[in-house]
>>> print(open('input_39.cif').read())   # mmCIF, C-alpha atoms and all ligand atoms
data_my_file
#
loop_
_atom_site.group_PDB
_atom_site.id
_atom_site.type_symbol
_atom_site.label_atom_id
_atom_site.label_comp_id
_atom_site.auth_asym_id
_atom_site.auth_seq_id
_atom_site.Cartn_x
_atom_site.Cartn_y
_atom_site.Cartn_z
ATOM 1 C CA MET E 1 27.464 -14.460 14.681
ATOM 2 C CA GLU E 2 24.582 -16.803 13.925
ATOM 3 C CA PHE E 3 21.540 -15.228 12.320
ATOM 4 C CA LYS E 4 18.385 -15.245 14.408
ATOM 5 C CA PRO E 5 15.164 -14.453 12.536
ATOM 6 C CA SER E 6 12.933 -11.810 14.050
ATOM 7 C CA TYR E 7 9.941 -14.073 14.643
ATOM 8 C CA LEU E 8 11.896 -16.217 17.118
ATOM 9 C CA ARG E 9 12.066 -13.272 19.519
ATOM 10 C CA LEU E 10 8.289 -12.788 19.251
ATOM 11 C CA TYR E 11 7.775 -16.513 19.658
ATOM 12 C CA GLU E 12 9.913 -16.605 22.807
ATOM 13 C CA SER E 13 8.130 -13.617 24.328
ATOM 14 C CA GLY E 14 4.677 -14.998 23.498
ATOM 15 C CA GLU E 15 3.847 -12.004 21.312
ATOM 16 C CA LEU E 16 3.629 -14.155 18.194
ATOM 17 C CA ASP E 17 0.498 -15.802 19.626
ATOM 18 C CA GLU E 18 -1.046 -12.371 20.188
ATOM 19 C CA ARG E 19 -0.335 -11.387 16.578
ATOM 20 C CA VAL E 20 -1.924 -14.609 15.320
ATOM 21 C CA GLU E 21 -5.051 -13.841 17.309
ATOM 22 C CA GLU E 22 -5.191 -10.225 16.177
ATOM 23 C CA LEU E 23 -4.780 -11.225 12.529
ATOM 24 C CA TYR E 24 -7.331 -14.026 12.782
ATOM 25 C CA ASN E 25 -9.914 -11.585 14.139
ATOM 26 C CA ILE E 26 -9.546 -9.584 10.916
ATOM 27 C CA LEU E 27 -10.732 -12.612 8.926
ATOM 28 C CA GLU E 28 -14.201 -12.130 10.438
ATOM 29 C CA SER E 29 -14.634 -9.032 8.298
ATOM 30 C CA CYS E 30 -11.736 -9.277 5.908
ATOM 31 C CA GLU E 31 -9.523 -6.218 5.558
ATOM 32 C CA LEU E 32 -6.304 -8.038 4.853
ATOM 33 C CA CYS E 33 -5.778 -5.959 1.729
ATOM 34 C CA PRO E 34 -6.964 -2.527 0.557
ATOM 35 C CA ARG E 35 -10.060 -4.012 -1.071
ATOM 36 C CA LYS E 36 -11.527 -4.398 2.426
ATOM 37 C CA CYS E 37 -14.251 -6.755 1.197
ATOM 38 C CA GLY E 38 -15.660 -7.144 4.726
ATOM 39 C CA VAL E 39 -16.587 -10.807 4.164
ATOM 40 C CA ASN E 40 -16.462 -13.319 7.003
ATOM 41 C CA ARG E 41 -13.765 -15.690 5.824
ATOM 42 C CA LEU E 42 -14.088 -17.755 9.007
ATOM 43 C CA GLU E 43 -17.663 -18.595 7.979
ATOM 44 C CA GLY E 44 -16.629 -19.551 4.443
ATOM 45 C CA GLU E 45 -17.525 -16.256 2.741
ATOM 46 C CA LYS E 46 -15.225 -15.206 -0.067
ATOM 47 C CA GLY E 47 -14.218 -11.812 -1.366
ATOM 48 C CA PHE E 48 -12.413 -10.557 -4.471
ATOM 49 C CA CYS E 49 -9.419 -12.882 -3.985
ATOM 50 C CA GLU E 50 -11.657 -15.971 -3.577
ATOM 51 C CA ALA E 51 -9.456 -17.297 -0.772
ATOM 52 C CA GLY E 52 -11.309 -19.070 2.018
ATOM 53 C CA LYS E 53 -10.525 -19.895 5.619
ATOM 54 C CA LYS E 54 -7.975 -22.576 4.803
ATOM 55 C CA LEU E 55 -4.593 -22.167 3.166
ATOM 56 C CA MET E 56 -4.232 -23.289 -0.421
ATOM 57 C CA VAL E 57 -0.788 -24.069 -1.845
ATOM 58 C CA SER E 58 0.023 -24.783 -5.480
ATOM 59 C CA SER E 59 3.634 -25.937 -5.022
ATOM 60 C CA TYR E 60 6.733 -25.703 -2.839
ATOM 61 C CA PHE E 61 10.363 -26.294 -3.769
ATOM 62 C CA PRO E 62 13.877 -24.839 -3.604
ATOM 63 C CA HIS E 63 13.729 -22.105 -6.267
ATOM 64 C CA PHE E 64 16.870 -21.229 -8.234
ATOM 65 C CA GLY E 65 15.229 -18.592 -10.446
ATOM 66 C CA GLU E 66 14.840 -15.880 -7.820
ATOM 67 C CA GLU E 67 17.283 -13.012 -7.214
ATOM 68 C CA ASP E 68 20.874 -14.117 -6.500
ATOM 69 C CA PRO E 69 20.909 -13.026 -2.819
ATOM 70 C CA LEU E 70 17.804 -15.161 -2.178
ATOM 71 C CA VAL E 71 19.026 -18.189 -4.120
ATOM 72 C CA GLY E 72 22.544 -18.424 -2.678
ATOM 73 C CA ILE E 73 23.841 -21.964 -3.164
ATOM 74 C CA HIS E 74 20.913 -24.090 -2.031
ATOM 75 C CA GLY E 75 17.953 -22.088 -3.347
ATOM 76 C CA SER E 76 15.088 -20.043 -1.982
ATOM 77 C CA GLY E 77 12.511 -22.159 -0.123
ATOM 78 C CA THR E 78 9.510 -21.096 -2.145
ATOM 79 C CA ILE E 79 5.883 -21.795 -1.236
ATOM 80 C CA PHE E 80 3.376 -20.668 -3.903
ATOM 81 C CA LEU E 81 0.004 -19.675 -2.473
ATOM 82 C CA THR E 82 -3.153 -20.051 -4.557
ATOM 83 C CA HIS E 83 -5.457 -17.105 -5.418
ATOM 84 C CA CYS E 84 -4.488 -13.426 -5.374
ATOM 85 C CA ASN E 85 -5.803 -10.097 -4.147
ATOM 86 C CA LEU E 86 -4.719 -8.313 -7.363
ATOM 87 C CA LYS E 87 -5.460 -10.687 -10.261
ATOM 88 C CA CYS E 88 -3.680 -8.712 -12.956
ATOM 89 C CA ILE E 89 -5.200 -9.692 -16.291
ATOM 90 C CA TYR E 90 -1.729 -10.500 -17.701
ATOM 91 C CA CYS E 91 -0.627 -12.559 -14.673
ATOM 92 C CA GLN E 92 2.391 -14.756 -15.406
ATOM 93 C CA ASN E 93 0.920 -17.389 -13.014
ATOM 94 C CA TYR E 94 -2.670 -17.136 -14.245
ATOM 95 C CA GLU E 95 -3.747 -20.695 -13.343
ATOM 96 C CA ILE E 96 -2.702 -20.207 -9.730
ATOM 97 C CA SER E 97 -3.919 -16.649 -9.197
ATOM 98 C CA HIS E 98 -7.131 -16.626 -11.262
ATOM 99 C CA LEU E 99 -8.151 -20.254 -11.737
ATOM 100 C CA GLY E 100 -7.374 -21.387 -8.184
ATOM 101 C CA VAL E 101 -5.068 -24.294 -8.989
ATOM 102 C CA GLY E 102 -3.724 -25.703 -5.729
ATOM 103 C CA GLU E 103 -4.447 -27.914 -2.761
ATOM 104 C CA LEU E 104 -6.122 -27.067 0.529
ATOM 105 C CA VAL E 105 -3.658 -27.636 3.342
ATOM 106 C CA SER E 106 -3.520 -27.154 7.094
ATOM 107 C CA GLU E 107 -1.211 -24.698 8.815
ATOM 108 C CA GLU E 108 0.610 -27.694 10.317
ATOM 109 C CA ARG E 109 1.257 -29.008 6.804
ATOM 110 C CA VAL E 110 2.682 -25.651 5.692
ATOM 111 C CA ALA E 111 4.878 -25.639 8.804
ATOM 112 C CA ARG E 112 6.194 -29.063 7.749
ATOM 113 C CA MET E 113 6.853 -27.723 4.230
ATOM 114 C CA MET E 114 8.968 -24.955 5.768
ATOM 115 C CA LEU E 115 10.938 -27.461 7.821
ATOM 116 C CA GLU E 116 11.469 -29.690 4.768
ATOM 117 C CA LEU E 117 12.819 -26.714 2.811
ATOM 118 C CA GLN E 118 15.077 -25.853 5.716
ATOM 119 C CA ALA E 119 16.356 -29.459 5.814
ATOM 120 C CA LEU E 120 17.184 -29.175 2.094
ATOM 121 C CA GLY E 121 19.482 -26.256 2.901
ATOM 122 C CA CYS E 122 17.334 -23.401 1.512
ATOM 123 C CA HIS E 123 18.400 -19.967 2.692
ATOM 124 C CA ASN E 124 14.931 -18.572 3.405
ATOM 125 C CA ILE E 125 11.201 -19.306 3.318
ATOM 126 C CA ASN E 126 9.738 -17.402 0.394
ATOM 127 C CA PHE E 127 5.945 -17.019 0.494
ATOM 128 C CA VAL E 128 4.752 -16.096 -2.995
ATOM 129 C CA THR E 129 1.511 -14.034 -2.965
ATOM 130 C CA PRO E 130 0.892 -14.318 0.787
ATOM 131 C CA THR E 131 -1.287 -11.241 1.442
ATOM 132 C CA HIS E 132 -4.702 -12.933 1.504
ATOM 133 C CA TYR E 133 -3.445 -15.664 3.852
ATOM 134 C CA THR E 134 -1.549 -13.501 6.337
ATOM 135 C CA PRO E 135 -3.171 -14.882 9.560
ATOM 136 C CA GLN E 136 -2.862 -18.511 8.471
ATOM 137 C CA LEU E 137 0.772 -18.073 7.423
ATOM 138 C CA VAL E 138 1.737 -16.347 10.653
ATOM 139 C CA ARG E 139 0.166 -19.227 12.560
ATOM 140 C CA ALA E 140 2.116 -21.688 10.381
ATOM 141 C CA ILE E 141 5.316 -19.771 11.178
ATOM 142 C CA ARG E 142 4.471 -20.062 14.857
ATOM 143 C CA VAL E 143 4.057 -23.856 14.551
ATOM 144 C CA ALA E 144 7.305 -24.154 12.558
ATOM 145 C CA ALA E 145 9.201 -21.943 15.028
ATOM 146 C CA GLU E 146 8.208 -24.296 17.821
ATOM 147 C CA LYS E 147 9.655 -27.191 15.817
ATOM 148 C CA GLY E 148 12.973 -25.507 15.006
ATOM 149 C CA LEU E 149 12.502 -23.214 11.998
ATOM 150 C CA LYS E 150 15.260 -20.631 11.907
ATOM 151 C CA LEU E 151 15.242 -19.255 8.359
ATOM 152 C CA PRO E 152 14.273 -15.671 7.512
ATOM 153 C CA ILE E 153 10.802 -15.171 6.051
ATOM 154 C CA VAL E 154 10.515 -13.503 2.627
ATOM 155 C CA TRP E 155 7.171 -11.716 2.058
ATOM 156 C CA ASN E 156 6.954 -11.879 -1.755
ATOM 157 C CA CYS E 157 3.823 -9.841 -2.429
ATOM 158 C CA GLY E 158 2.151 -7.827 -5.190
ATOM 159 C CA GLY E 159 2.456 -4.505 -3.378
ATOM 160 C CA TYR E 160 -1.302 -3.932 -3.014
ATOM 161 C CA GLU E 161 -1.161 -4.056 0.768
ATOM 162 C CA ASN E 162 -3.100 -2.674 3.717
ATOM 163 C CA VAL E 163 -0.448 -0.772 5.682
ATOM 164 C CA GLU E 164 -2.170 -1.680 8.983
ATOM 165 C CA ILE E 165 -1.581 -5.371 8.219
ATOM 166 C CA ILE E 166 2.054 -4.712 7.318
ATOM 167 C CA LYS E 167 2.428 -3.066 10.748
ATOM 168 C CA LEU E 168 1.251 -6.335 12.321
ATOM 169 C CA LEU E 169 4.050 -8.164 10.503
ATOM 170 C CA HIS E 170 6.683 -6.059 12.232
ATOM 171 C CA GLY E 171 9.169 -8.425 13.872
ATOM 172 C CA ILE E 172 7.874 -11.427 11.907
ATOM 173 C CA VAL E 173 9.073 -10.758 8.360
ATOM 174 C CA ASP E 174 12.801 -10.224 7.795
ATOM 175 C CA ILE E 175 12.791 -9.676 4.035
ATOM 176 C CA TYR E 176 10.000 -7.823 2.262
ATOM 177 C CA MET E 177 9.879 -8.343 -1.491
ATOM 178 C CA PRO E 178 6.985 -6.284 -2.915
ATOM 179 C CA ASP E 179 6.284 -5.599 -6.573
ATOM 180 C CA ILE E 180 5.698 -2.014 -7.550
ATOM 181 C CA LYS E 181 3.612 -2.458 -10.675
ATOM 182 C CA TYR E 182 2.044 0.831 -11.757
ATOM 183 C CA SER E 183 2.172 4.532 -11.025
ATOM 184 C CA SER E 184 -0.976 5.425 -12.988
ATOM 185 C CA SER E 185 -4.337 4.843 -11.375
ATOM 186 C CA GLU E 186 -6.044 4.463 -14.788
ATOM 187 C CA VAL E 187 -3.650 1.688 -15.757
ATOM 188 C CA ALA E 188 -3.951 0.016 -12.334
ATOM 189 C CA LYS E 189 -7.736 0.130 -12.679
ATOM 190 C CA LYS E 190 -7.709 -1.272 -16.195
ATOM 191 C CA TYR E 191 -5.418 -4.258 -15.616
ATOM 192 C CA SER E 192 -5.819 -5.006 -11.889
ATOM 193 C CA ASP E 193 -9.073 -3.300 -10.904
ATOM 194 C CA ALA E 194 -7.120 -1.367 -8.253
ATOM 195 C CA PRO E 195 -7.171 2.374 -9.028
ATOM 196 C CA ASP E 196 -5.568 3.189 -5.655
ATOM 197 C CA TYR E 197 -2.706 0.751 -6.255
ATOM 198 C CA PHE E 198 0.189 3.221 -6.218
ATOM 199 C CA GLU E 199 -1.056 5.107 -3.144
ATOM 200 C CA ARG E 200 -1.583 1.951 -1.084
ATOM 201 C CA CYS E 201 1.673 0.454 -2.364
ATOM 202 C CA LYS E 202 3.718 3.529 -1.414
ATOM 203 C CA GLU E 203 2.258 3.554 2.118
ATOM 204 C CA ALA E 204 3.011 -0.132 2.566
ATOM 205 C CA VAL E 205 6.521 -0.039 1.095
ATOM 206 C CA LYS E 206 7.467 2.941 3.290
ATOM 207 C CA GLU E 207 6.364 0.932 6.317
ATOM 208 C CA MET E 208 8.304 -2.137 5.131
ATOM 209 C CA HIS E 209 11.436 -0.013 4.728
ATOM 210 C CA ARG E 210 10.911 1.526 8.160
ATOM 211 C CA GLN E 211 10.821 -1.968 9.682
ATOM 212 C CA VAL E 212 13.716 -3.678 7.919
ATOM 213 C CA GLY E 213 15.734 -1.008 6.047
ATOM 214 C CA ASP E 214 17.759 -1.587 2.899
ATOM 215 C CA LEU E 215 18.617 -5.143 1.856
ATOM 216 C CA LYS E 216 21.460 -6.591 3.906
ATOM 217 C CA ILE E 217 23.580 -9.372 2.435
ATOM 218 C CA ARG E 218 26.175 -11.544 4.170
ATOM 219 C CA ASN E 219 28.372 -14.038 2.266
ATOM 220 C CA GLY E 220 26.230 -13.455 -0.819
ATOM 221 C CA VAL E 221 22.942 -14.273 0.915
ATOM 222 C CA ALA E 222 20.271 -11.772 1.992
ATOM 223 C CA TYR E 223 19.103 -12.013 5.582
ATOM 224 C CA ARG E 224 17.078 -8.850 6.144
ATOM 225 C CA GLY E 225 15.738 -5.780 4.361
ATOM 226 C CA LEU E 226 13.682 -4.604 1.412
ATOM 227 C CA LEU E 227 13.993 -5.978 -2.108
ATOM 228 C CA ILE E 228 11.714 -4.302 -4.653
ATOM 229 C CA ARG E 229 10.664 -5.775 -7.992
ATOM 230 C CA HIS E 230 9.475 -3.756 -10.936
ATOM 231 C CA LEU E 231 8.251 -5.449 -14.122
ATOM 232 C CA VAL E 232 8.722 -3.346 -17.255
ATOM 233 C CA LEU E 233 5.537 -3.409 -19.333
ATOM 234 C CA PRO E 234 5.410 -2.609 -23.072
ATOM 235 C CA ASN E 235 4.547 0.952 -24.107
ATOM 236 C CA ASN E 236 5.686 2.249 -20.696
ATOM 237 C CA LEU E 237 2.332 1.192 -19.261
ATOM 238 C CA ALA E 238 3.874 0.704 -15.809
ATOM 239 C CA GLY E 239 4.840 4.376 -15.561
ATOM 240 C CA SER E 240 8.343 3.364 -14.508
ATOM 241 C CA GLU E 241 9.861 6.816 -13.984
ATOM 242 C CA GLU E 242 7.555 7.800 -11.149
ATOM 243 C CA ILE E 243 8.064 4.405 -9.526
ATOM 244 C CA LEU E 244 11.855 4.694 -9.647
ATOM 245 C CA LYS E 245 11.704 8.199 -8.179
ATOM 246 C CA PHE E 246 9.684 6.828 -5.281
ATOM 247 C CA ILE E 247 12.178 3.996 -4.753
ATOM 248 C CA ARG E 248 15.041 6.500 -4.802
ATOM 249 C CA SER E 249 13.210 8.645 -2.245
ATOM 250 C CA LEU E 250 13.336 5.705 0.198
ATOM 251 C CA SER E 251 17.112 5.359 -0.072
ATOM 252 C CA LYS E 252 19.837 5.501 -2.680
ATOM 253 C CA ASN E 253 20.817 2.022 -1.473
ATOM 254 C CA SER E 254 17.415 0.588 -2.345
ATOM 255 C CA TYR E 255 17.740 -2.830 -3.964
ATOM 256 C CA VAL E 256 15.546 -2.982 -7.058
ATOM 257 C CA ASN E 257 15.216 -5.757 -9.598
ATOM 258 C CA ILE E 258 13.952 -4.216 -12.824
ATOM 259 C CA MET E 259 12.533 -7.198 -14.664
ATOM 260 C CA ALA E 260 12.431 -7.780 -18.420
ATOM 261 C CA GLN E 261 10.507 -11.032 -18.520
ATOM 262 C CA TYR E 262 7.011 -9.726 -19.260
ATOM 263 C CA ARG E 263 5.241 -11.753 -21.915
ATOM 264 C CA PRO E 264 1.544 -11.731 -22.800
ATOM 265 C CA GLU E 265 -0.213 -14.289 -20.606
ATOM 266 C CA GLY E 266 -3.729 -14.791 -19.279
ATOM 267 C CA GLU E 267 -6.038 -12.254 -20.921
ATOM 268 C CA ALA E 268 -3.316 -9.912 -22.194
ATOM 269 C CA PHE E 269 -4.124 -10.852 -25.789
ATOM 270 C CA LYS E 270 -7.376 -8.856 -25.438
ATOM 271 C CA TYR E 271 -5.381 -5.626 -25.017
ATOM 272 C CA LYS E 272 -3.371 -4.616 -28.086
ATOM 273 C CA GLU E 273 -0.971 -2.455 -26.055
ATOM 274 C CA LEU E 274 -0.115 -5.409 -23.754
ATOM 275 C CA ASN E 275 0.056 -8.064 -26.404
ATOM 276 C CA ARG E 276 3.831 -8.102 -26.912
ATOM 277 C CA ARG E 277 7.075 -8.245 -24.937
ATOM 278 C CA PRO E 278 8.847 -4.976 -24.116
ATOM 279 C CA THR E 279 11.603 -4.149 -26.579
ATOM 280 C CA ARG E 280 15.241 -3.978 -25.580
ATOM 281 C CA ASP E 281 15.114 -0.176 -25.945
ATOM 282 C CA GLU E 282 12.099 0.090 -23.651
ATOM 283 C CA PHE E 283 13.826 -2.018 -21.026
ATOM 284 C CA MET E 284 17.196 -0.275 -21.250
ATOM 285 C CA LYS E 285 15.496 3.126 -20.929
ATOM 286 C CA VAL E 286 14.203 2.098 -17.509
ATOM 287 C CA ILE E 287 17.619 0.768 -16.504
ATOM 288 C CA GLU E 288 19.320 4.000 -17.582
ATOM 289 C CA LEU E 289 16.765 6.024 -15.681
ATOM 290 C CA ALA E 290 17.483 4.022 -12.516
ATOM 291 C CA LYS E 291 21.201 4.638 -12.927
ATOM 292 C CA GLU E 292 20.660 8.355 -13.511
ATOM 293 C CA LEU E 293 18.742 8.472 -10.243
ATOM 294 C CA GLY E 294 21.661 6.767 -8.501
ATOM 295 C CA LEU E 295 19.998 3.369 -8.050
ATOM 296 C CA THR E 296 22.485 0.586 -8.740
ATOM 297 C CA ARG E 297 21.750 -2.273 -6.346
ATOM 298 C CA GLY E 298 19.903 -5.204 -7.882
ATOM 299 C CA LEU E 299 20.042 -4.144 -11.532
ATOM 300 C CA GLN E 300 20.350 -7.278 -13.663
ATOM 301 C CA ASP E 301 20.993 -5.628 -17.043
ATOM 302 C CA LYS E 302 24.421 -7.213 -17.514
ATOM 303 C CA HIS E 303 22.894 -10.697 -17.477
ATOM 304 C CA LEU E 304 20.101 -9.896 -19.888
ATOM 305 C CA PHE E 305 21.746 -9.442 -23.271
ATOM 306 C CA TRP E 306 20.484 -12.902 -24.290
ATOM 307 C CA ARG E 307 16.900 -12.027 -23.429
ATOM 308 C CA TRP E 308 16.292 -10.428 -26.832
ATOM 309 C CA LEU E 309 18.160 -13.140 -28.754
ATOM 310 C CA ILE E 310 15.551 -15.847 -28.154
HETATM 311 S S1 LIG Z 401 -7.737 -10.489 1.213
HETATM 312 FE FE1 LIG Z 401 -9.342 -11.112 -0.231
HETATM 313 S S2 LIG Z 401 -11.270 -11.086 0.941
HETATM 314 FE FE2 LIG Z 401 -9.726 -9.965 2.125
HETATM 315 S S3 LIG Z 401 -10.001 -7.818 1.605
HETATM 316 FE FE3 LIG Z 401 -8.442 -8.638 0.219
HETATM 317 S S4 LIG Z 401 -9.496 -9.367 -1.612
HETATM 318 FE FE4 LIG Z 401 -11.036 -9.061 0.006
#
>>> encode(input="input_39.cif", output="structure tokens", more="lines below")
Ligand code: SF4
Amino acid sequence: MEFKPSYLRLYESGELDERVEELYNILESCELCPRKCGVNRLEGEKGFCEAGKKLMVSSYFPHFGEEDPLVGIHGSGTIFLTHCNLKCIYCQNYEISHLGVGELVSEERVARMMLELQALGCHNINFVTPTHYTPQLVRAIRVAAEKGLKLPIVWNCGGYENVEIIKLLHGIVDIYMPDIKYSSSEVAKKYSDAPDYFERCKEAVKEMHRQVGDLKIRNGVAYRGLLIRHLVLPNNLAGSEEILKFIRSLSKNSYVNIMAQYRPEGEAFKYKELNRRPTRDEFMKVIELAKELGLTRGLQDKHLFWRWLI
């Protein structure tokens, strides 16, 4: 049976246009993320994320470095959005998130990018850091749907989400891919200026799971569901145990990629406790914990033995 992405049903019924309008209205007093800056983005005002009215894209290409079920054979059709609503001080894409590297583009241009990626055979459209551009991206999806887009949308976000906005994405996004970064509010405040991170993240991820369920994979390629990422920080700064318990509480079939690739970037050198990679022991402790909790889907530990050899 051929896969039909959710947004095509909303497009055919006309509801996608209503969602675009509803989301655009929120830009007048921006509450797209839990910071709720209240700025009028339509009039050019900017809040914490520094994103304006127009989309800004830093790059787009078939990505072969994402999780296997997203990459498949032909890659994940990745579109990197500029700016960020979290701005972690150690961001691994600091130039894009903090320094605003990218190009202003129209929604029609982003729709064409999606169609180009589809023509290259990519298995999905993977929006990286989309939260602060939700209305513009949904409108771009609408334009692309009209022109024949039929790939599932991956919402690859930092996890600091306004649950009311996630509700408006119901029936548009097929694959949610949030980070869950911290369980401690002190740590979230210190590195991302978001003391309510874990609370807002849990609300949003529960809603994502309610909409799409556990990750579903056919012929090695994901087409719907929730894929969670968790980056292990040195000195257990992420508070991984509490995060894994939350993920387990969603479902024992939760798909979670526990990531080892943290390295000091951006301003991390200013913080002694962040200024090194996690050790192999620190990483394996988190993996073992996941296994003890019964979480097995998505663990990449078998492929990572080389990580500490370089
Ligand atoms: S998306 Fe940006 S402007 Fe809107 S509430 Fe979040 S940080 Fe503020």
>>> atom_distance(input="input_39.cif", atom1="atom CA of Arg263 of chain E", atom2="atom CA of Val71 of chain E")
23.4 Å
>>> residues_near_ligand(input="input_39.cif", ligand="ligand LIG 401 (chain Z)", cutoff="7 Å", atoms="all atoms listed in the file", output="list in words")
Cys30, Glu31, Leu32, Cys33, Pro34, Arg35, Lys36, Cys37, Gly38, Val39, Lys46, Gly47, Phe48, Cys49, Glu50, Ala51, Asn85, Thr131 and His132 of chain E
>>> residues_around(input="input_39.cif", residues="Ile79 of chain E", least_positions_apart="6", cutoff="9 Å", atoms="only C-alpha atoms", output="tab-separated table (two decimals) with C-alpha atoms, keeping the file's coordinate frame")
chain	number	residue	atom	x	y	z
E	57	VAL	CA	-0.79	-24.07	-1.84
E	58	SER	CA	0.02	-24.78	-5.48
E	59	SER	CA	3.63	-25.94	-5.02
E	60	TYR	CA	6.73	-25.70	-2.84
E	61	PHE	CA	10.36	-26.29	-3.77
E	62	PRO	CA	13.88	-24.84	-3.60
E	110	VAL	CA	2.68	-25.65	5.69
E	113	MET	CA	6.85	-27.72	4.23
E	114	MET	CA	8.97	-24.96	5.77
E	125	ILE	CA	11.20	-19.31	3.32
E	126	ASN	CA	9.74	-17.40	0.39
E	127	PHE	CA	5.94	-17.02	0.49
E	128	VAL	CA	4.75	-16.10	-3.00
>>> resolve_selection(input="input_39.cif", expression="the PyMOL selection byres (((chain E and resi 253) around 8) and not hetatm)", output="ChimeraX atom specification")
/E:214,251-252,254-255,295-297
>>> atom_distance(input="input_39.cif", atom1="atom CA of Val187 of chain E", atom2="atom CA of Glu241 of chain E")
14.6 Å
>>> build_atoms(input="input_39.cif", residues="segment 103-108 of chain E", atoms="all heavy atoms", output="mmCIF file, in the frame of the given file")
data_model
loop_
_atom_site.group_PDB
_atom_site.id
_atom_site.type_symbol
_atom_site.label_atom_id
_atom_site.label_comp_id
_atom_site.auth_asym_id
_atom_site.auth_seq_id
_atom_site.Cartn_x
_atom_site.Cartn_y
_atom_site.Cartn_z
ATOM 1 N N GLU E 103 -3.908 -26.904 -3.678
ATOM 2 C CA GLU E 103 -4.447 -27.914 -2.761
ATOM 3 C C GLU E 103 -4.691 -27.274 -1.402
ATOM 4 O O GLU E 103 -3.836 -26.524 -0.900
ATOM 5 C CB GLU E 103 -3.380 -28.999 -2.614
ATOM 6 C CG GLU E 103 -3.938 -30.332 -2.188
ATOM 7 C CD GLU E 103 -2.809 -31.377 -2.118
ATOM 8 O OE1 GLU E 103 -2.003 -31.448 -3.060
ATOM 9 O OE2 GLU E 103 -2.751 -32.062 -1.087
ATOM 10 N N LEU E 104 -5.848 -27.567 -0.822
ATOM 11 C CA LEU E 104 -6.122 -27.067 0.529
ATOM 12 C C LEU E 104 -5.215 -27.789 1.518
ATOM 13 O O LEU E 104 -5.122 -29.027 1.479
ATOM 14 C CB LEU E 104 -7.585 -27.312 0.894
ATOM 15 C CG LEU E 104 -8.608 -26.427 0.164
ATOM 16 C CD1 LEU E 104 -10.022 -26.946 0.395
ATOM 17 C CD2 LEU E 104 -8.484 -24.967 0.593
ATOM 18 N N VAL E 105 -4.577 -27.024 2.376
ATOM 19 C CA VAL E 105 -3.658 -27.636 3.342
ATOM 20 C C VAL E 105 -3.826 -26.977 4.716
ATOM 21 O O VAL E 105 -4.241 -25.817 4.819
ATOM 22 C CB VAL E 105 -2.170 -27.496 2.908
ATOM 23 C CG1 VAL E 105 -1.831 -28.420 1.762
ATOM 24 C CG2 VAL E 105 -1.830 -26.063 2.553
ATOM 25 N N SER E 106 -3.451 -27.706 5.740
ATOM 26 C CA SER E 106 -3.520 -27.154 7.094
ATOM 27 C C SER E 106 -2.285 -26.294 7.369
ATOM 28 O O SER E 106 -1.258 -26.389 6.663
ATOM 29 C CB SER E 106 -3.583 -28.292 8.115
ATOM 30 O OG SER E 106 -2.353 -28.996 8.073
ATOM 31 N N GLU E 107 -2.374 -25.503 8.413
ATOM 32 C CA GLU E 107 -1.211 -24.698 8.815
ATOM 33 C C GLU E 107 -0.063 -25.614 9.256
ATOM 34 O O GLU E 107 1.101 -25.313 9.005
ATOM 35 C CB GLU E 107 -1.617 -23.747 9.938
ATOM 36 C CG GLU E 107 -2.534 -22.656 9.405
ATOM 37 C CD GLU E 107 -3.546 -22.153 10.399
ATOM 38 O OE1 GLU E 107 -3.588 -22.657 11.537
ATOM 39 O OE2 GLU E 107 -4.314 -21.252 10.031
ATOM 40 N N GLU E 108 -0.428 -26.745 9.876
ATOM 41 C CA GLU E 108 0.610 -27.694 10.317
ATOM 42 C C GLU E 108 1.357 -28.254 9.109
ATOM 43 O O GLU E 108 2.565 -28.456 9.150
ATOM 44 C CB GLU E 108 -0.018 -28.849 11.124
ATOM 45 C CG GLU E 108 -0.505 -28.465 12.510
ATOM 46 C CD GLU E 108 -1.748 -27.572 12.489
ATOM 47 O OE1 GLU E 108 -2.498 -27.582 11.473
ATOM 48 O OE2 GLU E 108 -1.976 -26.860 13.484
#
